[in-house]
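Engineer: Here's a structure for you.
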Amino acid sequence: MASSSQPPPAKRQAPEPTTTIRSLGDDLLCEIFVRLPSLPSLVRAALACRAFHAAVRSSPVFRRRFRALHAPPLLGFFFDYDGTETPSFTPVRRRSDPDHAAALRGADVFLTRVPIRDDAVPGWRIEECRGGCLLLLNSNTQQIAVYNPLSRALDLLPMTPDGISRGRRGKFQLRESFLICSDEAPGSFRVVSFCHDKSRVRAAVYSSNTREWQILPWSMPMPARPAAEKYWLLIGSQVNGCLYWAHSKEAYMVMMDTTTLQFSTIDLPVHLKGKGHLYSAGETKDGKICIVSVVDFVLCVWLRRADADGVAQWMLVDVVLLEEELIQATEGSPDDHGELKVLSILDGIVYLSTFETFIDPTVPCWYLSFCLETKKLEKLFLKKDGGQDHPYVMAWPTCLVGNNGMP
């Protein structure tokens, strides 16, 4: 009887290689990161390890895509008291976003790194919030500070440039200053200090790259100049690297291109002539100049567009009735709120406040935001008016750009 033969033992197959998150390429990681809900969430994820950090910081395409999908988050408002007190901060809380709360906890909103000479009277006042930084002026010490409360990066520079007294017009009398931040080179900035006499305008520009001031010559006389008025231009606005000042009584704006350092003028809608208290200029989401006014809870938006002849004109593009939405959001009434005041317009978001505190200083008012794109009105917080208000928006961190090392 033939013996039965046993089949040869099966060869053991090599185990499949294990796929871990470290095995993912930069492109796939970026596809995952772009789906995160906010910039604070991206920062937390990117700083989890070197591979994640490298994937984010090395891709300008990803940076542009993330910015297009996720608006930079509003962290809160700084309130300024003209240097008599340290500026205060009121946060915007997002219970559904723990990373937003983490960003707030990590920010130096008390400005502890900004030097003070007198503990009782710090002397610093806020000129502007831009690019995640505060532009601060101190008249007591004749200094300007550029401070990032999130990264704690601090730059100090003299308030007036050397040799400013030269010329037959005398000293440069500072009226207003602006902070110009660079998207192409995060961390670098320019400060533009502006003044005017009875008919002309002038500026001095400081560069963080050269650490020097450049004094610009006086402009040509402006049209319809008011010979008797000391301040004939309203508070300025910054839009995509250009500065705009509306005339207090005439239907035009003075514009400064901070790239070419040239001054020019553009017209205003005729019916806004001399009504600077009713409107504000700002920027849309795509960096275009816009004008927004609110009268009787009706919000109107003007954009500058070419007409049928190709000539740039201001055009009324939107009229939004806010009264019903405001009542629903605040659970108040129009009589309670009095009016709506436009505070500023940044990245297509209009920041507003109700008018209770301006009528009765003991009554708090609502701070709100309105998105020009989605037409959504959102309440932010309830607070008594605290002086000059400055929305503080989180900027793209420098640690997520270029070849910066892990912090």
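We name chains A, B, ... following the order of the structure tokens; residues begin at 1 in each chain, and ligands are numbered from 1 as shown.
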Within 7 Å of region 263-275 of chain A, counting only C-alpha atoms, which residues qualify if same-chain residues fewer than 5 places away don't, as a ChimeraX atom specification?
Structural biologist: /A:219,248-257,314
Engineer: Would you mind listing what lies within 10 Å of Leu36 (chain A) as a list in words, with only C-alpha atoms counted and same-chain residues fewer than 5 positions away left out?
Structural biologist: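 Counting only C-alpha atoms, the residues come to Glu31, Ser41, Leu42, Ala45, Phe66 and His70 of chain A.
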Engineer: Which of region 166-393 of chain A end up as strand (DSSP E) when DSSP is run on this backbone - answer as a tab-separated table (two decimals) with N, CA, C and O atoms, in the first residue's frame?
Structural biologist:
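Once written, selection-v2.tsv looks like this:
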chain	number	residue	atom	x	y	z
A	176	GLU	N	-1.31	111.03	12.29
A	176	GLU	CA	-1.85	109.67	12.32
A	176	GLU	C	-0.79	108.72	11.78
A	176	GLU	O	0.03	109.09	10.94
A	177	SER	N	-0.78	107.48	12.29
A	177	SER	CA	0.21	106.49	11.83
A	177	SER	C	-0.49	105.20	11.47
A	177	SER	O	-1.54	104.85	12.02
A	178	PHE	N	0.13	104.46	10.53
A	178	PHE	CA	-0.41	103.20	10.04
A	178	PHE	C	0.69	102.15	10.02
A	178	PHE	O	1.87	102.46	9.83
A	179	LEU	N	0.28	100.89	10.18
A	179	LEU	CA	1.19	99.77	10.14
A	179	LEU	C	0.94	98.98	8.85
A	179	LEU	O	-0.16	98.47	8.64
A	180	ILE	N	1.94	98.90	7.98
A	180	ILE	CA	1.83	98.18	6.72
A	180	ILE	C	2.61	96.87	6.88
A	180	ILE	O	3.84	96.88	6.97
A	181	CYS	N	1.89	95.75	6.93
A	181	CYS	CA	2.52	94.44	7.10
A	181	CYS	C	2.66	93.76	5.74
A	181	CYS	O	1.85	93.98	4.83
A	189	PHE	N	7.79	94.91	8.24
A	189	PHE	CA	6.69	95.88	8.26
A	189	PHE	C	7.23	97.26	7.91
A	189	PHE	O	8.44	97.51	7.90
A	190	ARG	N	6.29	98.16	7.64
A	190	ARG	CA	6.59	99.57	7.50
A	190	ARG	C	5.60	100.36	8.35
A	190	ARG	O	4.46	99.93	8.56
A	191	VAL	N	6.04	101.49	8.85
A	191	VAL	CA	5.17	102.41	9.57
A	191	VAL	C	5.08	103.69	8.75
A	191	VAL	O	6.12	104.26	8.35
A	192	VAL	N	3.87	104.13	8.46
A	192	VAL	CA	3.65	105.37	7.72
A	192	VAL	C	3.04	106.38	8.67
A	192	VAL	O	1.96	106.17	9.22
A	193	SER	N	3.75	107.48	8.91
A	193	SER	CA	3.26	108.59	9.73
A	193	SER	C	2.84	109.72	8.81
A	193	SER	O	3.58	110.10	7.90
A	194	PHE	N	1.67	110.26	9.07
A	194	PHE	CA	1.02	111.17	8.12
A	194	PHE	C	0.74	112.51	8.80
A	194	PHE	O	0.43	112.57	10.00
A	195	CYS	N	0.83	113.59	8.02
A	195	CYS	CA	0.42	114.90	8.51
A	195	CYS	C	-0.07	115.73	7.32
A	195	CYS	O	0.10	115.35	6.16
A	196	HIS	N	-0.70	116.85	7.62
A	196	HIS	CA	-1.09	117.79	6.55
A	196	HIS	C	-1.07	119.20	7.09
A	196	HIS	O	-1.18	119.45	8.30
A	201	VAL	N	-0.45	117.48	1.89
A	201	VAL	CA	-0.25	116.31	2.74
A	201	VAL	C	1.19	115.83	2.62
A	201	VAL	O	1.88	116.12	1.63
A	202	ARG	N	1.62	115.06	3.61
A	202	ARG	CA	3.00	114.61	3.66
A	202	ARG	C	3.07	113.36	4.52
A	202	ARG	O	2.22	113.12	5.37
A	203	ALA	N	4.10	112.56	4.31
A	203	ALA	CA	4.27	111.33	5.10
A	203	ALA	C	5.74	111.05	5.31
A	203	ALA	O	6.61	111.50	4.55
A	204	ALA	N	6.01	110.29	6.37
A	204	ALA	CA	7.34	109.73	6.63
A	204	ALA	C	7.16	108.22	6.77
A	204	ALA	O	6.18	107.76	7.37
A	205	VAL	N	8.06	107.44	6.20
A	205	VAL	CA	7.91	105.98	6.15
A	205	VAL	C	9.11	105.31	6.82
A	205	VAL	O	10.27	105.62	6.47
A	206	TYR	N	8.83	104.43	7.76
A	206	TYR	CA	9.87	103.65	8.43
A	206	TYR	C	9.82	102.22	7.93
A	206	TYR	O	8.73	101.62	7.84
A	207	SER	N	10.98	101.63	7.62
A	207	SER	CA	11.07	100.24	7.16
A	207	SER	C	11.80	99.41	8.20
A	207	SER	O	12.88	99.79	8.67
A	212	GLU	N	15.28	102.59	9.07
A	212	GLU	CA	15.46	104.02	8.84
A	212	GLU	C	14.14	104.65	8.42
A	212	GLU	O	13.27	103.98	7.84
A	213	TRP	N	14.00	105.94	8.69
A	213	TRP	CA	12.87	106.73	8.23
A	213	TRP	C	13.20	107.36	6.88
A	213	TRP	O	14.33	107.77	6.63
A	214	GLN	N	12.18	107.44	6.04
A	214	GLN	CA	12.28	108.18	4.79
A	214	GLN	C	11.24	109.28	4.81
A	214	GLN	O	10.04	109.01	4.96
A	215	ILE	N	11.67	110.51	4.69
A	215	ILE	CA	10.76	111.66	4.75
A	215	ILE	C	10.35	112.02	3.33
A	215	ILE	O	11.20	112.35	2.49
A	237	SER	N	-8.14	105.25	6.55
A	237	SER	CA	-8.38	103.81	6.47
A	237	SER	C	-7.31	103.18	5.59
A	237	SER	O	-6.83	103.79	4.63
A	238	GLN	N	-6.96	101.94	5.91
A	238	GLN	CA	-5.97	101.21	5.12
A	238	GLN	C	-6.67	100.10	4.34
A	238	GLN	O	-7.45	99.33	4.91
A	239	VAL	N	-6.40	100.03	3.05
A	239	VAL	CA	-7.01	99.02	2.19
A	239	VAL	C	-5.93	98.47	1.27
A	239	VAL	O	-5.45	99.16	0.36
A	242	CYS	N	-2.94	100.58	0.48
A	242	CYS	CA	-3.20	101.99	0.19
A	242	CYS	C	-3.90	102.63	1.37
A	242	CYS	O	-4.64	101.97	2.10
A	243	LEU	N	-3.65	103.92	1.56
A	243	LEU	CA	-4.26	104.67	2.66
A	243	LEU	C	-5.21	105.71	2.09
A	243	LEU	O	-4.92	106.34	1.07
A	244	TYR	N	-6.36	105.87	2.77
A	244	TYR	CA	-7.41	106.77	2.28
A	244	TYR	C	-7.86	107.69	3.41
A	244	TYR	O	-8.09	107.23	4.54
A	245	TRP	N	-8.00	108.99	3.09
A	245	TRP	CA	-8.55	109.96	4.02
A	245	TRP	C	-9.66	110.72	3.30
A	245	TRP	O	-9.42	111.36	2.28
A	246	ALA	N	-10.85	110.71	3.84
A	246	ALA	CA	-11.96	111.44	3.25
A	246	ALA	C	-11.90	112.90	3.68
A	246	ALA	O	-11.56	113.22	4.83
A	252	TYR	N	-14.41	114.08	-2.01
A	252	TYR	CA	-13.26	113.33	-2.51
A	252	TYR	C	-12.44	112.77	-1.35
A	252	TYR	O	-12.59	113.20	-0.19
A	253	MET	N	-11.56	111.83	-1.67
A	253	MET	CA	-10.65	111.24	-0.70
A	253	MET	C	-9.21	111.42	-1.19
A	253	MET	O	-8.95	111.35	-2.39
A	254	VAL	N	-8.32	111.67	-0.25
A	254	VAL	CA	-6.89	111.66	-0.55
A	254	VAL	C	-6.40	110.21	-0.42
A	254	VAL	O	-6.73	109.53	0.55
A	255	MET	N	-5.63	109.75	-1.40
A	255	MET	CA	-5.13	108.37	-1.39
A	255	MET	C	-3.61	108.38	-1.44
A	255	MET	O	-3.01	109.16	-2.18
A	256	MET	N	-2.99	107.50	-0.64
A	256	MET	CA	-1.55	107.31	-0.70
A	256	MET	C	-1.27	105.86	-1.05
A	256	MET	O	-1.72	104.95	-0.35
A	257	ASP	N	-0.57	105.63	-2.15
A	257	ASP	CA	-0.11	104.30	-2.53
A	257	ASP	C	1.21	104.05	-1.79
A	257	ASP	O	2.21	104.71	-2.07
A	262	GLN	N	3.17	107.68	-3.58
A	262	GLN	CA	2.58	108.83	-4.27
A	262	GLN	C	1.20	109.12	-3.72
A	262	GLN	O	0.45	108.21	-3.35
A	263	PHE	N	0.85	110.43	-3.68
A	263	PHE	CA	-0.47	110.87	-3.26
A	263	PHE	C	-1.32	111.18	-4.49
A	263	PHE	O	-0.82	111.68	-5.50
A	264	SER	N	-2.63	110.92	-4.37
A	264	SER	CA	-3.59	111.28	-5.42
A	264	SER	C	-4.95	111.46	-4.76
A	264	SER	O	-5.07	111.35	-3.54
A	265	THR	N	-5.97	111.73	-5.56
A	265	THR	CA	-7.33	111.88	-5.02
A	265	THR	C	-8.29	111.02	-5.83
A	265	THR	O	-8.07	110.76	-7.01
A	266	ILE	N	-9.35	110.56	-5.17
A	266	ILE	CA	-10.45	109.89	-5.85
A	266	ILE	C	-11.75	110.50	-5.33
A	266	ILE	O	-11.80	111.03	-4.22
A	267	ASP	N	-12.80	110.42	-6.15
A	267	ASP	CA	-14.07	111.03	-5.76
A	267	ASP	C	-14.79	110.17	-4.72
A	267	ASP	O	-14.49	109.00	-4.52
A	279	TYR	N	-20.53	107.23	7.49
A	279	TYR	CA	-19.97	106.13	6.70
A	279	TYR	C	-18.53	105.86	7.12
A	279	TYR	O	-17.87	106.68	7.80
A	280	SER	N	-18.04	104.69	6.70
A	280	SER	CA	-16.64	104.32	6.91
A	280	SER	C	-16.13	103.64	5.65
A	280	SER	O	-16.90	102.96	4.95
A	281	ALA	N	-14.85	103.83	5.37
A	281	ALA	CA	-14.22	103.13	4.26
A	281	ALA	C	-13.43	101.94	4.80
A	281	ALA	O	-12.90	101.98	5.91
A	282	GLY	N	-13.37	100.88	4.02
A	282	GLY	CA	-12.65	99.68	4.44
A	282	GLY	C	-12.38	98.78	3.26
A	282	GLY	O	-12.43	99.23	2.10
A	283	GLU	N	-12.13	97.49	3.55
A	283	GLU	CA	-11.73	96.58	2.50
A	283	GLU	C	-12.67	95.37	2.44
A	283	GLU	O	-13.14	94.88	3.46
A	289	ILE	N	-11.46	98.42	-2.10
A	289	ILE	CA	-12.01	99.44	-1.23
A	289	ILE	C	-13.53	99.43	-1.30
A	289	ILE	O	-14.12	99.22	-2.37
A	290	CYS	N	-14.16	99.66	-0.15
A	290	CYS	CA	-15.62	99.75	-0.11
A	290	CYS	C	-15.99	100.86	0.88
A	290	CYS	O	-15.17	101.27	1.71
A	291	ILE	N	-17.22	101.32	0.78
A	291	ILE	CA	-17.76	102.29	1.73
A	291	ILE	C	-19.04	101.70	2.29
A	291	ILE	O	-19.88	101.17	1.55
A	292	VAL	N	-19.21	101.77	3.62
A	292	VAL	CA	-20.38	101.22	4.28
A	292	VAL	C	-20.97	102.30	5.17
A	292	VAL	O	-20.25	102.98	5.91
A	293	SER	N	-22.29	102.46	5.09
A	293	SER	CA	-22.99	103.36	5.99
A	293	SER	C	-24.20	102.63	6.58
A	293	SER	O	-24.74	101.71	5.97
A	294	VAL	N	-24.59	103.04	7.77
A	294	VAL	CA	-25.80	102.50	8.41
A	294	VAL	C	-26.62	103.67	8.90
A	294	VAL	O	-26.17	104.46	9.74
A	295	VAL	N	-27.84	103.80	8.40
A	295	VAL	CA	-28.78	104.83	8.82
A	295	VAL	C	-30.11	104.15	9.08
A	295	VAL	O	-30.63	103.43	8.22
A	298	VAL	N	-30.41	100.47	8.38
A	298	VAL	CA	-30.28	100.06	6.99
A	298	VAL	C	-28.82	100.20	6.59
A	298	VAL	O	-28.26	101.31	6.63
A	299	LEU	N	-28.21	99.08	6.22
A	299	LEU	CA	-26.78	99.08	5.85
A	299	LEU	C	-26.65	99.18	4.33
A	299	LEU	O	-27.26	98.39	3.60
A	300	CYS	N	-25.86	100.13	3.86
A	300	CYS	CA	-25.62	100.34	2.43
A	300	CYS	C	-24.15	100.15	2.12
A	300	CYS	O	-23.29	100.58	2.89
A	301	VAL	N	-23.88	99.50	0.99
A	301	VAL	CA	-22.50	99.19	0.59
A	301	VAL	C	-22.25	99.75	-0.80
A	301	VAL	O	-23.02	99.50	-1.74
A	302	TRP	N	-21.15	100.51	-0.94
A	302	TRP	CA	-20.71	101.03	-2.24
A	302	TRP	C	-19.38	100.38	-2.59
A	302	TRP	O	-18.49	100.26	-1.74
A	303	LEU	N	-19.23	100.00	-3.85
A	303	LEU	CA	-17.97	99.51	-4.38
A	303	LEU	C	-17.57	100.38	-5.57
A	303	LEU	O	-18.44	100.94	-6.26
A	304	ARG	N	-16.28	100.43	-5.83
A	304	ARG	CA	-15.79	101.23	-6.96
A	304	ARG	C	-15.61	100.31	-8.15
A	304	ARG	O	-14.75	99.41	-8.15
A	305	ARG	N	-16.44	100.53	-9.19
A	305	ARG	CA	-16.43	99.68	-10.38
A	305	ARG	C	-16.46	100.53	-11.64
A	305	ARG	O	-16.85	101.71	-11.60
A	306	ALA	N	-16.08	99.91	-12.75
A	306	ALA	CA	-16.09	100.61	-14.03
A	306	ALA	C	-17.52	100.69	-14.57
A	306	ALA	O	-18.27	99.70	-14.54
A	312	ALA	N	-14.05	104.39	-13.65
A	312	ALA	CA	-14.30	103.90	-12.29
A	312	ALA	C	-15.25	104.84	-11.57
A	312	ALA	O	-15.02	106.06	-11.52
A	313	GLN	N	-16.33	104.28	-11.03
A	313	GLN	CA	-17.34	105.05	-10.32
A	313	GLN	C	-17.75	104.29	-9.05
A	313	GLN	O	-17.65	103.07	-8.98
A	314	TRP	N	-18.23	105.04	-8.06
A	314	TRP	CA	-18.82	104.39	-6.89
A	314	TRP	C	-20.22	103.93	-7.24
A	314	TRP	O	-21.01	104.68	-7.79
A	315	MET	N	-20.51	102.66	-6.95
A	315	MET	CA	-21.83	102.10	-7.26
A	315	MET	C	-22.42	101.47	-6.00
A	315	MET	O	-21.74	100.72	-5.28
A	316	LEU	N	-23.67	101.79	-5.73
A	316	LEU	CA	-24.39	101.17	-4.62
A	316	LEU	C	-24.71	99.73	-5.00
A	316	LEU	O	-25.48	99.49	-5.92
A	317	VAL	N	-24.10	98.77	-4.30
A	317	VAL	CA	-24.24	97.36	-4.69
A	317	VAL	C	-25.09	96.56	-3.73
A	317	VAL	O	-25.51	95.44	-4.05
A	318	ASP	N	-25.37	97.10	-2.56
A	318	ASP	CA	-26.15	96.31	-1.60
A	318	ASP	C	-26.85	97.23	-0.61
A	318	ASP	O	-26.28	98.23	-0.15
A	319	VAL	N	-28.09	96.86	-0.28
A	319	VAL	CA	-28.85	97.53	0.77
A	319	VAL	C	-29.45	96.42	1.65
A	319	VAL	O	-30.20	95.58	1.15
A	320	VAL	N	-29.10	96.41	2.91
A	320	VAL	CA	-29.51	95.32	3.81
A	320	VAL	C	-30.27	95.91	5.00
A	320	VAL	O	-29.78	96.81	5.68
A	321	LEU	N	-31.47	95.39	5.24
A	321	LEU	CA	-32.28	95.80	6.39
A	321	LEU	C	-31.85	94.96	7.59
A	321	LEU	O	-32.02	93.74	7.59
A	340	LEU	N	-27.05	102.13	14.98
A	340	LEU	CA	-25.89	101.27	14.76
A	340	LEU	C	-24.74	102.13	14.28
A	340	LEU	O	-24.92	103.00	13.43
A	341	LYS	N	-23.57	101.88	14.82
A	341	LYS	CA	-22.38	102.65	14.45
A	341	LYS	C	-21.38	101.72	13.78
A	341	LYS	O	-21.09	100.63	14.29
A	342	VAL	N	-20.85	102.12	12.60
A	342	VAL	CA	-19.80	101.34	11.93
A	342	VAL	C	-18.46	101.67	12.58
A	342	VAL	O	-18.04	102.82	12.60
A	343	LEU	N	-17.79	100.64	13.10
A	343	LEU	CA	-16.50	100.82	13.77
A	343	LEU	C	-15.35	100.68	12.78
A	343	LEU	O	-14.45	101.53	12.74
A	344	SER	N	-15.35	99.61	12.00
A	344	SER	CA	-14.30	99.39	11.00
A	344	SER	C	-14.74	98.29	10.06
A	344	SER	O	-15.71	97.56	10.33
A	345	ILE	N	-14.01	98.16	8.95
A	345	ILE	CA	-14.31	97.14	7.93
A	345	ILE	C	-13.00	96.47	7.56
A	345	ILE	O	-12.13	97.11	6.97
A	346	LEU	N	-12.85	95.20	7.92
A	346	LEU	CA	-11.62	94.45	7.68
A	346	LEU	C	-11.93	93.13	7.00
A	346	LEU	O	-12.79	92.38	7.48
A	349	ILE	N	-15.49	92.08	6.61
A	349	ILE	CA	-16.30	92.01	7.82
A	349	ILE	C	-16.51	93.42	8.35
A	349	ILE	O	-15.54	94.16	8.58
A	350	VAL	N	-17.77	93.80	8.54
A	350	VAL	CA	-18.10	95.11	9.10
A	350	VAL	C	-18.31	94.94	10.60
A	350	VAL	O	-19.14	94.14	11.03
A	351	TYR	N	-17.54	95.68	11.39
A	351	TYR	CA	-17.69	95.64	12.84
A	351	TYR	C	-18.55	96.82	13.28
A	351	TYR	O	-18.30	97.97	12.88
A	352	LEU	N	-19.55	96.53	14.09
A	352	LEU	CA	-20.58	97.50	14.46
A	352	LEU	C	-20.78	97.52	15.97
A	352	LEU	O	-20.41	96.57	16.67
A	353	SER	N	-21.39	98.60	16.44
A	353	SER	CA	-21.85	98.62	17.83
A	353	SER	C	-23.19	99.34	17.87
A	353	SER	O	-23.47	100.20	17.02
A	354	THR	N	-24.00	98.96	18.86
A	354	THR	CA	-25.23	99.71	19.11
A	354	THR	C	-24.89	100.98	19.88
A	354	THR	O	-23.73	101.22	20.22
A	365	CYS	N	-23.37	98.48	25.50
A	365	CYS	CA	-23.87	98.34	24.13
A	365	CYS	C	-23.37	97.03	23.54
A	365	CYS	O	-22.41	96.42	24.03
A	366	TRP	N	-24.02	96.59	22.48
A	366	TRP	CA	-23.65	95.35	21.80
A	366	TRP	C	-22.59	95.63	20.74
A	366	TRP	O	-22.69	96.62	20.00
A	367	TYR	N	-21.61	94.75	20.67
A	367	TYR	CA	-20.64	94.75	19.58
A	367	TYR	C	-20.98	93.57	18.67
A	367	TYR	O	-21.23	92.45	19.15
A	368	LEU	N	-21.01	93.85	17.35
A	368	LEU	CA	-21.48	92.86	16.39
A	368	LEU	C	-20.56	92.85	15.17
A	368	LEU	O	-19.76	93.76	14.96
A	369	SER	N	-20.72	91.80	14.36
A	369	SER	CA	-20.02	91.75	13.07
A	369	SER	C	-21.02	91.38	11.99
A	369	SER	O	-21.98	90.65	12.23
A	370	PHE	N	-20.78	91.91	10.79
A	370	PHE	CA	-21.64	91.62	9.64
A	370	PHE	C	-20.74	91.26	8.46
A	370	PHE	O	-19.85	92.04	8.10
A	371	CYS	N	-20.96	90.08	7.88
A	371	CYS	CA	-20.17	89.61	6.75
A	371	CYS	C	-20.78	90.12	5.45
A	371	CYS	O	-21.95	89.82	5.16
A	377	LEU	N	-25.28	88.46	10.30
A	377	LEU	CA	-25.03	89.34	11.43
A	377	LEU	C	-24.78	88.47	12.66
A	377	LEU	O	-25.56	87.57	12.96
A	378	GLU	N	-23.70	88.76	13.39
A	378	GLU	CA	-23.35	87.95	14.55
A	378	GLU	C	-23.05	88.86	15.73
A	378	GLU	O	-22.32	89.84	15.62
A	379	LYS	N	-23.62	88.54	16.89
A	379	LYS	CA	-23.31	89.31	18.08
A	379	LYS	C	-22.01	88.78	18.68
A	379	LYS	O	-21.74	87.57	18.68
A	380	LEU	N	-21.18	89.69	19.18
A	380	LEU	CA	-19.87	89.34	19.71
A	380	LEU	C	-19.82	89.39	21.23
A	380	LEU	O	-19.47	88.43	21.88
A	381	PHE	N	-20.16	90.54	21.81
A	381	PHE	CA	-20.20	90.67	23.26
A	381	PHE	C	-20.93	91.94	23.63
A	381	PHE	O	-21.19	92.81	22.80
A	382	LEU	N	-21.24	92.05	24.92
A	382	LEU	CA	-21.94	93.21	25.48
A	382	LEU	C	-20.97	93.94	26.39
A	382	LEU	O	-20.38	93.34	27.29
A	383	LYS	N	-20.79	95.25	26.17
A	383	LYS	CA	-19.78	95.98	26.94
A	383	LYS	C	-20.09	97.47	26.90
A	383	LYS	O	-20.60	97.98	25.91
A	388	GLN	N	-11.41	104.22	22.27
A	388	GLN	CA	-11.19	103.82	20.88
A	388	GLN	C	-11.12	102.30	20.79
A	388	GLN	O	-10.42	101.66	21.56
A	389	ASP	N	-11.84	101.74	19.82
A	389	ASP	CA	-11.92	100.28	19.70
A	389	ASP	C	-11.11	99.81	18.50
A	389	ASP	O	-11.08	100.44	17.45
A	390	HIS	N	-10.45	98.65	18.67
A	390	HIS	CA	-9.57	98.10	17.64
A	390	HIS	C	-9.78	96.59	17.56
A	390	HIS	O	-9.33	95.85	18.44
A	391	PRO	N	-10.47	96.09	16.52
A	391	PRO	CA	-10.60	94.64	16.37
A	391	PRO	C	-9.23	93.99	16.21
A	391	PRO	O	-8.38	94.48	15.45
A	392	TYR	N	-9.02	92.89	16.94
A	392	TYR	CA	-7.74	92.19	16.86
A	392	TYR	C	-7.96	90.84	16.17
A	392	TYR	O	-8.61	89.95	16.72
A	393	VAL	N	-7.42	90.73	14.95
A	393	VAL	CA	-7.61	89.55	14.11
A	393	VAL	C	-6.29	88.77	14.05
A	393	VAL	O	-5.23	89.34	13.83
Engineer: With a distance cut-off of 9 Å and only C-alpha atoms, select the neighbouring residues of Ala54 (chain A), excluding the residue or stretch itself and same-chain residues fewer than 3 positions from it, and output the selection as a VMD selection string.
Structural biologist: chain A and resid 26 46 49 to 51 57 to 59 400 402 to 403
Engineer: Limited to N, CA and C atoms, could you put the picked residues into a file as a PDB file, in the first residue's frame?
Structural biologist:
ATOM      1  N   ASP A  26       3.533  65.164   1.814  1.00  0.00           N
ATOM      2  CA  ASP A  26       3.126  66.533   2.098  1.00  0.00           C
ATOM      3  C   ASP A  26       1.799  66.890   1.445  1.00  0.00           C
ATOM      4  N   ALA A  46      -0.060  71.753  13.045  1.00  0.00           N
ATOM      5  CA  ALA A  46       1.220  71.877  12.349  1.00  0.00           C
ATOM      6  C   ALA A  46       2.408  71.795  13.298  1.00  0.00           C
ATOM      7  N   CYS A  49       4.447  67.976  15.106  1.00  0.00           N
ATOM      8  CA  CYS A  49       5.708  67.294  14.794  1.00  0.00           C
ATOM      9  C   CYS A  49       6.370  68.005  13.621  1.00  0.00           C
ATOM     10  N   ARG A  50       7.641  67.673  13.374  1.00  0.00           N
ATOM     11  CA  ARG A  50       8.410  68.337  12.328  1.00  0.00           C
ATOM     12  C   ARG A  50       7.842  68.080  10.932  1.00  0.00           C
ATOM     13  N   ALA A  51       7.344  66.855  10.697  1.00  0.00           N
ATOM     14  CA  ALA A  51       6.816  66.529   9.371  1.00  0.00           C
ATOM     15  C   ALA A  51       5.593  67.379   9.045  1.00  0.00           C
ATOM     16  N   ARG A  57       4.554  74.795   6.168  1.00  0.00           N
ATOM     17  CA  ARG A  57       5.354  76.001   5.948  1.00  0.00           C
ATOM     18  C   ARG A  57       5.991  76.044   4.561  1.00  0.00           C
ATOM     19  N   SER A  58       6.110  74.899   3.900  1.00  0.00           N
ATOM     20  CA  SER A  58       6.818  74.862   2.617  1.00  0.00           C
ATOM     21  C   SER A  58       5.896  75.037   1.418  1.00  0.00           C
ATOM     22  N   SER A  59       4.592  75.273   1.661  1.00  0.00           N
ATOM     23  CA  SER A  59       3.637  75.308   0.545  1.00  0.00           C
ATOM     24  C   SER A  59       2.867  76.623   0.501  1.00  0.00           C
ATOM     25  N   LEU A 400       4.863  79.471  10.394  1.00  0.00           N
ATOM     26  CA  LEU A 400       4.304  78.583   9.375  1.00  0.00           C
ATOM     27  C   LEU A 400       4.632  79.070   7.977  1.00  0.00           C
ATOM     28  N   GLY A 402       7.870  79.691   5.086  1.00  0.00           N
ATOM     29  CA  GLY A 402       9.263  79.568   4.678  1.00  0.00           C
ATOM     30  C   GLY A 402       9.997  78.478   5.418  1.00  0.00           C
ATOM     31  N   ASN A 403      11.241  78.758   5.760  1.00  0.00           N
ATOM     32  CA  ASN A 403      12.101  77.752   6.368  1.00  0.00           C
ATOM     33  C   ASN A 403      12.367  78.020   7.832  1.00  0.00           C
TER      34      ASN A 403
END
Engineer: Can you pull out every residue within 10 Å of Tyr81 (chain A), counting only C-alpha atoms, but drop anything in the same chain fewer than 3 positions away, and send it as a list in words?
Structural biologist: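 Answer for this query is Thr84, Glu85, Thr86, Pro87, Ser88, Gly123, Trp124, Arg125, Ile126, Gly386, Gly387, Gln388 and Asp389 of chain A.
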Engineer: Enter the distance from CA of Leu104 (chain A) to CA of Pro149 (chain A), in Å, rounded to one decimal.
Structural biologist: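 Computing the Euclidean distance for CA of Leu104 (chain A) and CA of Pro149 (chain A) yields 9.8 Å.
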Engineer: Do you have the CA of Thr357 (chain A)-CA of Pro334 (chain A) distance handy?
Structural biologist: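 For CA of Thr357 (chain A) relative to CA of Pro334 (chain A), the distance reads 14.2 Å.
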Engineer: Using CA of Arg95 (chain A) and CA of Leu39 (chain A) as the two end points, give the distance in Å to one decimal.
Structural biologist: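 If I compute the distance from CA of Arg95 (chain A) to CA of Leu39 (chain A), I get 15.7 Å.
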Engineer: Write out as a ChimeraX atom specification the residues lying within 10 Å of region 396-398 of chain A, counting only C-alpha atoms and excluding same-chain residues fewer than 6 positions away.
Structural biologist: /A:39-40,43,57,63,67,72,131-132,150-151,183,185-187,404
